[in-house]
Amino acid sequence: MKAIVQDRYGPPETLTLADVDAPVPAADEVLVRVEAAALNAYDWHAMRGDPRMARLAMGRTRPRARIRGRDFAGRVEAVGSHVRQVRPGDAVFGDLGDANGAFAEYVCVPATLVAPKPANLTPQQAAALPLAGVTALMGLRDVGRVEPGHRVLVNGASGGVGTLAVQLAKALGAAVTAVCSTRNVDLVRSLGADHVVDYTRDDFTRGDRRHDVVFDLVGNRSLSALRRALTPTGTLVLSGGGVYGGGSLVGPVWLLARGRLLAPLVRQRIVTLTAAPSRQHLDTLRAHAEAGRLTPVIDRTYPLREVPRAIRYLEGEHARAKVVITL
């Protein structure tokens, strides 16, 4: 099969289209013919081994996972002997997690990490949901504990997670303030944002409005600045972010670590978020999508052979919403 492979850390040019053996599903896995795969910031971090501290988990000198990509949507081709919940021919979507492998014609994935594709979404839209959608869902519902009437601010509202977070916060009954650049104001308004802050003109941390939850997806503000945008007992949810800036030792991990250290010392809740793939979260996203409350926004699509070009666009050019690979 065709796949995007990588044998050393580095820029997009280290990714190549190659012929590799098709995977064979284990007893608890399903084999999926990939129809679409989505890019995430995770992909360029893994490609570059950035921040360098992350190489302790990803592979010290080269990536342990040779084929890049996490999010996918496609058709089940075969199932392992222990799999009962899905059958060949089923349309599914999912997130491979740190195993990677979605930038390929076929992928094997544990049956517990796939779910039926939302019936009203295309494969490209469905592939855009898993990691970004689960991050938004966990950050708002599970960690942020958003309730009807809460005031929620999303910093990075026009990105892959942010565009879904705006919609999910509205679905949870919140009043949403979206922070983005000038060119994305109309986009986030169309997604349901009640208030929009253009960060090129205004500083949301210096305004009068206070929020019950601040969901930071960028990592470009200090903890003290982010806390100014909260109510006295509000919740700050930290979830990394950013674009490639030449490599670093710890990257956004430093902000997350400081958040953990400060959390026990202040009244406001400061929580760092680590999204983990699960069938339950995928089912929730599917329900929101099929009810019309959640629609992924796709910025650009690229064929499989152009994954290097797609990642270069994602890591350096402030992509709007999601970038998707089609097969």
# chains A, B, ... in the order shown; residues from 1 in each chain; ligands from 1
>>> residues_around(residues="Gly97 (chain A)", least_positions_apart="5", cutoff="8 Å", atoms="only C-alpha atoms", output="PyMOL selection string")
chain A and resi 70+276-277
>>> write_last_selection(atoms="all heavy atoms", output="JSON list (two decimals), in the first residue's frame")
[["chain", "number", "residue", "atom", "x", "y", "z"],
["A", 70, "ARG", "N", -2.90, 10.60, 12.72],
["A", 70, "ARG", "CA", -3.75, 10.03, 13.78],
["A", 70, "ARG", "C", -5.20, 9.88, 13.35],
["A", 70, "ARG", "O", -5.80, 8.82, 13.48],
["A", 70, "ARG", "CB", -3.69, 10.90, 15.04],
["A", 70, "ARG", "CG", -2.39, 10.85, 15.78],
["A", 70, "ARG", "CD", -2.40, 11.70, 17.04],
["A", 70, "ARG", "NE", -3.48, 11.38, 17.97],
["A", 70, "ARG", "CZ", -3.41, 11.60, 19.27],
["A", 70, "ARG", "NH1", -2.33, 12.18, 19.79],
["A", 70, "ARG", "NH2", -4.43, 11.30, 20.05],
["A", 276, "ALA", "N", -7.39, 11.99, 25.23],
["A", 276, "ALA", "CA", -7.13, 10.58, 24.96],
["A", 276, "ALA", "C", -8.27, 10.01, 24.12],
["A", 276, "ALA", "O", -9.44, 10.26, 24.41],
["A", 276, "ALA", "CB", -7.01, 9.79, 26.26],
["A", 277, "PRO", "N", -7.97, 9.27, 23.05],
["A", 277, "PRO", "CA", -9.03, 8.74, 22.20],
["A", 277, "PRO", "C", -9.89, 7.72, 22.94],
["A", 277, "PRO", "O", -9.39, 6.93, 23.75],
["A", 277, "PRO", "CB", -8.27, 8.09, 21.03],
["A", 277, "PRO", "CG", -6.92, 7.77, 21.59],
["A", 277, "PRO", "CD", -6.62, 8.85, 22.59]]
>>> residues_around(residues="Ile298 (chain A)", least_positions_apart="6", cutoff="10 Å", atoms="only C-alpha atoms", output="list of chain:residue names")
A:Ala38, A:Gln124, A:Gln125, A:Ala128, A:Gly160, A:Ala319, A:Arg320, A:Ala321, A:Lys322, A:Val323, A:Val324
>>> select_by_dssp(residues="region 171-255 of chain A", states="strand (DSSP E or B)", output="list of chain:residue names")
A:Ala175, A:Val176, A:Thr177, A:Ala178, A:Val179, A:Cys180, A:His195, A:Val196, A:Val197, A:Asp198, A:His211, A:Asp212, A:Val213, A:Val214, A:Phe215, A:Asp216, A:Leu230, A:Thr231, A:Pro232, A:Thr233, A:Gly234, A:Thr235, A:Leu236, A:Val237, A:Leu238
>>> write_last_selection(atoms="N, CA and C atoms", output="PDB file, in the first residue's frame")
ATOM      1  N   ALA A 175     -22.535  31.079  26.839  1.00  0.00           N
ATOM      2  CA  ALA A 175     -22.315  32.290  26.053  1.00  0.00           C
ATOM      3  C   ALA A 175     -20.831  32.316  25.705  1.00  0.00           C
ATOM      4  N   VAL A 176     -20.514  32.412  24.416  1.00  0.00           N
ATOM      5  CA  VAL A 176     -19.149  32.165  23.955  1.00  0.00           C
ATOM      6  C   VAL A 176     -18.490  33.439  23.444  1.00  0.00           C
ATOM      7  N   THR A 177     -17.273  33.690  23.947  1.00  0.00           N
ATOM      8  CA  THR A 177     -16.407  34.722  23.408  1.00  0.00           C
ATOM      9  C   THR A 177     -15.286  34.031  22.650  1.00  0.00           C
ATOM     10  N   ALA A 178     -15.118  34.389  21.385  1.00  0.00           N
ATOM     11  CA  ALA A 178     -14.115  33.762  20.526  1.00  0.00           C
ATOM     12  C   ALA A 178     -12.997  34.750  20.236  1.00  0.00           C
ATOM     13  N   VAL A 179     -11.754  34.321  20.427  1.00  0.00           N
ATOM     14  CA  VAL A 179     -10.588  35.156  20.146  1.00  0.00           C
ATOM     15  C   VAL A 179      -9.929  34.656  18.871  1.00  0.00           C
ATOM     16  N   CYS A 180      -9.745  35.549  17.899  1.00  0.00           N
ATOM     17  CA  CYS A 180      -9.163  35.165  16.608  1.00  0.00           C
ATOM     18  C   CYS A 180      -8.602  36.412  15.932  1.00  0.00           C
ATOM     19  N   HIS A 195     -19.675  36.750  21.201  1.00  0.00           N
ATOM     20  CA  HIS A 195     -18.759  37.886  21.188  1.00  0.00           C
ATOM     21  C   HIS A 195     -17.477  37.447  20.485  1.00  0.00           C
ATOM     22  N   VAL A 196     -16.870  38.354  19.745  1.00  0.00           N
ATOM     23  CA  VAL A 196     -15.616  38.056  19.055  1.00  0.00           C
ATOM     24  C   VAL A 196     -14.588  39.120  19.413  1.00  0.00           C
ATOM     25  N   VAL A 197     -13.399  38.684  19.801  1.00  0.00           N
ATOM     26  CA  VAL A 197     -12.296  39.587  20.088  1.00  0.00           C
ATOM     27  C   VAL A 197     -11.237  39.393  19.011  1.00  0.00           C
ATOM     28  N   ASP A 198     -10.956  40.459  18.258  1.00  0.00           N
ATOM     29  CA  ASP A 198      -9.900  40.451  17.254  1.00  0.00           C
ATOM     30  C   ASP A 198      -8.598  40.763  17.981  1.00  0.00           C
ATOM     31  N   HIS A 211     -14.923  35.553  32.648  1.00  0.00           N
ATOM     32  CA  HIS A 211     -15.492  34.308  32.137  1.00  0.00           C
ATOM     33  C   HIS A 211     -15.408  33.191  33.168  1.00  0.00           C
ATOM     34  N   ASP A 212     -16.375  32.300  33.093  1.00  0.00           N
ATOM     35  CA  ASP A 212     -16.373  31.139  33.977  1.00  0.00           C
ATOM     36  C   ASP A 212     -15.333  30.115  33.539  1.00  0.00           C
ATOM     37  N   VAL A 213     -15.103  30.044  32.235  1.00  0.00           N
ATOM     38  CA  VAL A 213     -14.102  29.133  31.687  1.00  0.00           C
ATOM     39  C   VAL A 213     -13.319  29.844  30.594  1.00  0.00           C
ATOM     40  N   VAL A 214     -11.996  29.782  30.679  1.00  0.00           N
ATOM     41  CA  VAL A 214     -11.120  30.217  29.589  1.00  0.00           C
ATOM     42  C   VAL A 214     -10.420  28.971  29.056  1.00  0.00           C
ATOM     43  N   PHE A 215     -10.633  28.681  27.795  1.00  0.00           N
ATOM     44  CA  PHE A 215     -10.061  27.514  27.130  1.00  0.00           C
ATOM     45  C   PHE A 215      -8.940  28.019  26.232  1.00  0.00           C
ATOM     46  N   ASP A 216      -7.681  27.832  26.689  1.00  0.00           N
ATOM     47  CA  ASP A 216      -6.534  28.370  25.960  1.00  0.00           C
ATOM     48  C   ASP A 216      -5.932  27.305  25.052  1.00  0.00           C
ATOM     49  N   LEU A 230     -10.676  35.565  33.898  1.00  0.00           N
ATOM     50  CA  LEU A 230     -11.550  34.655  34.637  1.00  0.00           C
ATOM     51  C   LEU A 230     -12.307  35.373  35.749  1.00  0.00           C
ATOM     52  N   THR A 231     -13.441  34.798  36.141  1.00  0.00           N
ATOM     53  CA  THR A 231     -14.085  35.192  37.381  1.00  0.00           C
ATOM     54  C   THR A 231     -13.206  34.717  38.543  1.00  0.00           C
ATOM     55  N   PRO A 232     -13.455  35.184  39.759  1.00  0.00           N
ATOM     56  CA  PRO A 232     -12.619  34.769  40.901  1.00  0.00           C
ATOM     57  C   PRO A 232     -12.572  33.266  41.135  1.00  0.00           C
ATOM     58  N   THR A 233     -13.613  32.556  40.722  1.00  0.00           N
ATOM     59  CA  THR A 233     -13.627  31.095  40.903  1.00  0.00           C
ATOM     60  C   THR A 233     -13.721  30.363  39.566  1.00  0.00           C
ATOM     61  N   GLY A 234     -13.319  31.031  38.490  1.00  0.00           N
ATOM     62  CA  GLY A 234     -13.401  30.433  37.163  1.00  0.00           C
ATOM     63  C   GLY A 234     -12.350  29.367  36.927  1.00  0.00           C
ATOM     64  N   THR A 235     -12.456  28.718  35.759  1.00  0.00           N
ATOM     65  CA  THR A 235     -11.572  27.616  35.402  1.00  0.00           C
ATOM     66  C   THR A 235     -10.772  27.955  34.160  1.00  0.00           C
ATOM     67  N   LEU A 236      -9.453  27.781  34.257  1.00  0.00           N
ATOM     68  CA  LEU A 236      -8.552  27.953  33.113  1.00  0.00           C
ATOM     69  C   LEU A 236      -8.134  26.577  32.626  1.00  0.00           C
ATOM     70  N   VAL A 237      -8.461  26.263  31.370  1.00  0.00           N
ATOM     71  CA  VAL A 237      -8.096  24.984  30.767  1.00  0.00           C
ATOM     72  C   VAL A 237      -6.975  25.241  29.772  1.00  0.00           C
ATOM     73  N   LEU A 238      -5.815  24.630  30.015  1.00  0.00           N
ATOM     74  CA  LEU A 238      -4.630  24.813  29.176  1.00  0.00           C
ATOM     75  C   LEU A 238      -4.453  23.615  28.257  1.00  0.00           C
TER      76      LEU A 238
END
>>> closest_residue(among="A:Gln167, A:Thr135, A:Thr205, A:Val5", to="Ser222 (chain A)", atoms="only C-alpha atoms")
A:Thr205
>>> atom_distance(atom1="CA of Leu285 (chain A)", atom2="CA of Ala27 (chain A)")
26.8 Å
>>> residues_around(residues="Val30 (chain A)", least_positions_apart="6", cutoff="9 Å", atoms="only C-alpha atoms", output="PDB file with N, CA and C atoms, in the first residue's frame")
ATOM      1  N   VAL A  24      -2.047  -6.143   9.004  1.00  0.00           N
ATOM      2  CA  VAL A  24      -2.976  -7.260   9.225  1.00  0.00           C
ATOM      3  C   VAL A  24      -3.575  -7.098  10.614  1.00  0.00           C
ATOM      4  N   VAL A  76     -14.498  -0.256   6.890  1.00  0.00           N
ATOM      5  CA  VAL A  76     -13.894  -1.449   7.476  1.00  0.00           C
ATOM      6  C   VAL A  76     -13.737  -2.510   6.392  1.00  0.00           C
ATOM      7  N   GLU A  77     -12.519  -3.003   6.246  1.00  0.00           N
ATOM      8  CA  GLU A  77     -12.224  -4.048   5.269  1.00  0.00           C
ATOM      9  C   GLU A  77     -12.245  -5.442   5.891  1.00  0.00           C
ATOM     10  N   ALA A  78     -11.783  -5.546   7.127  1.00  0.00           N
ATOM     11  CA  ALA A  78     -11.726  -6.838   7.817  1.00  0.00           C
ATOM     12  C   ALA A  78     -11.683  -6.587   9.314  1.00  0.00           C
ATOM     13  N   VAL A  79     -12.085  -7.599  10.079  1.00  0.00           N
ATOM     14  CA  VAL A  79     -12.073  -7.468  11.539  1.00  0.00           C
ATOM     15  C   VAL A  79     -11.365  -8.676  12.147  1.00  0.00           C
ATOM     16  N   GLY A  80     -10.767  -8.468  13.334  1.00  0.00           N
ATOM     17  CA  GLY A  80     -10.123  -9.554  14.043  1.00  0.00           C
ATOM     18  C   GLY A  80     -11.141 -10.525  14.627  1.00  0.00           C
ATOM     19  N   VAL A  83     -13.552  -9.266  17.447  1.00  0.00           N
ATOM     20  CA  VAL A  83     -14.313  -8.030  17.235  1.00  0.00           C
ATOM     21  C   VAL A  83     -15.759  -8.364  16.887  1.00  0.00           C
ATOM     22  N   VAL A  86     -18.211  -4.010  15.117  1.00  0.00           N
ATOM     23  CA  VAL A  86     -18.190  -3.485  13.760  1.00  0.00           C
ATOM     24  C   VAL A  86     -18.005  -4.629  12.780  1.00  0.00           C
ATOM     25  N   ARG A  87     -18.438  -4.391  11.528  1.00  0.00           N
ATOM     26  CA  ARG A  87     -18.365  -5.433  10.496  1.00  0.00           C
ATOM     27  C   ARG A  87     -17.767  -4.853   9.218  1.00  0.00           C
ATOM     28  N   PRO A  88     -17.241  -5.702   8.360  1.00  0.00           N
ATOM     29  CA  PRO A  88     -16.739  -5.215   7.069  1.00  0.00           C
ATOM     30  C   PRO A  88     -17.810  -4.421   6.332  1.00  0.00           C
ATOM     31  N   VAL A 107      -5.187   1.075   7.488  1.00  0.00           N
ATOM     32  CA  VAL A 107      -4.695   1.204   8.851  1.00  0.00           C
ATOM     33  C   VAL A 107      -5.387   0.179   9.729  1.00  0.00           C
ATOM     34  N   CYS A 108      -4.647  -0.380  10.682  1.00  0.00           N
ATOM     35  CA  CYS A 108      -5.227  -1.246  11.703  1.00  0.00           C
ATOM     36  C   CYS A 108      -5.392  -0.445  12.981  1.00  0.00           C
ATOM     37  N   VAL A 109      -6.524  -0.597  13.620  1.00  0.00           N
ATOM     38  CA  VAL A 109      -6.825   0.185  14.814  1.00  0.00           C
ATOM     39  C   VAL A 109      -7.612  -0.687  15.791  1.00  0.00           C
ATOM     40  N   PRO A 110      -7.363  -0.573  17.088  1.00  0.00           N
ATOM     41  CA  PRO A 110      -8.173  -1.300  18.061  1.00  0.00           C
ATOM     42  C   PRO A 110      -9.656  -0.984  17.885  1.00  0.00           C
ATOM     43  N   ALA A 111     -10.483  -1.990  17.981  1.00  0.00           N
ATOM     44  CA  ALA A 111     -11.916  -1.793  17.761  1.00  0.00           C
ATOM     45  C   ALA A 111     -12.519  -0.816  18.758  1.00  0.00           C
ATOM     46  N   VAL A 114     -12.644   3.022  17.358  1.00  0.00           N
ATOM     47  CA  VAL A 114     -13.402   3.439  16.176  1.00  0.00           C
ATOM     48  C   VAL A 114     -14.879   3.530  16.544  1.00  0.00           C
TER      49      VAL A 114
END
>>> closest_atom_pairs(of="region 264-307 of chain A", to="region 144-148 of chain A", cutoff="12 Å", atoms="only C-alpha atoms", output="Markdown table")
| residue | atom | partner | partner_atom | distance |
| --- | --- | --- | --- | --- |
| A:Gln268 | CA | A:Gly144 | CA | 11.7 |
| A:Arg269 | CA | A:Gly144 | CA | 9.0 |
| A:Ile270 | CA | A:Gly144 | CA | 9.5 |
| A:Val271 | CA | A:Gly144 | CA | 8.2 |
| A:Thr272 | CA | A:Gly144 | CA | 10.3 |
| A:Leu273 | CA | A:Gly144 | CA | 9.7 |
>>> atom_distance(atom1="CA of Val152 (chain A)", atom2="CA of Ala287 (chain A)")
22.0 Å
>>> select_by_dssp(residues="region 119-228 of chain A", states="alpha helix (DSSP H)", output="ChimeraX atom specification")
/A:123-127,130-137,160-171,185-190,223-228
>>> closest_residue(among="A:His281, A:Arg228, A:Arg267, A:Arg312", to="Pro12 (chain A)", atoms="only C-alpha atoms")
A:Arg312
>>> closest_residue(among="A:Val20, A:Leu129, A:Leu164, A:Val92", to="Lys117 (chain A)", atoms="only C-alpha atoms")
A:Val92
>>> residues_around(residues="Val166 (chain A)", least_positions_apart="3", cutoff="9 Å", atoms="only C-alpha atoms", output="number ranges by chain")
A: 136, 152-154, 157-158, 161-163, 169-171, 176-178, 188, 191-193
>>> write_last_selection(atoms="C-alpha atoms", output="mmCIF file, in the first residue's frame")
data_model
loop_
_atom_site.group_PDB
_atom_site.id
_atom_site.type_symbol
_atom_site.label_atom_id
_atom_site.label_comp_id
_atom_site.auth_asym_id
_atom_site.auth_seq_id
_atom_site.Cartn_x
_atom_site.Cartn_y
_atom_site.Cartn_z
ATOM 1 C CA ALA A 136 -12.763 20.346 22.659
ATOM 2 C CA VAL A 152 -16.755 30.692 28.008
ATOM 3 C CA LEU A 153 -13.779 32.236 26.209
ATOM 4 C CA VAL A 154 -11.939 30.259 23.525
ATOM 5 C CA ALA A 157 -11.191 29.983 18.172
ATOM 6 C CA SER A 158 -10.485 29.718 14.431
ATOM 7 C CA VAL A 161 -9.941 22.589 18.005
ATOM 8 C CA GLY A 162 -11.248 26.123 18.385
ATOM 9 C CA THR A 163 -13.889 25.958 15.648
ATOM 10 C CA ALA A 169 -19.731 25.383 24.046
ATOM 11 C CA LYS A 170 -22.904 26.704 22.415
ATOM 12 C CA ALA A 171 -24.376 23.188 22.426
ATOM 13 C CA VAL A 176 -19.149 32.165 23.955
ATOM 14 C CA THR A 177 -16.407 34.722 23.408
ATOM 15 C CA ALA A 178 -14.115 33.762 20.526
ATOM 16 C CA VAL A 188 -16.278 32.256 14.240
ATOM 17 C CA LEU A 191 -20.207 29.125 14.191
ATOM 18 C CA GLY A 192 -22.296 30.765 16.907
ATOM 19 C CA ALA A 193 -19.887 32.942 18.903
#
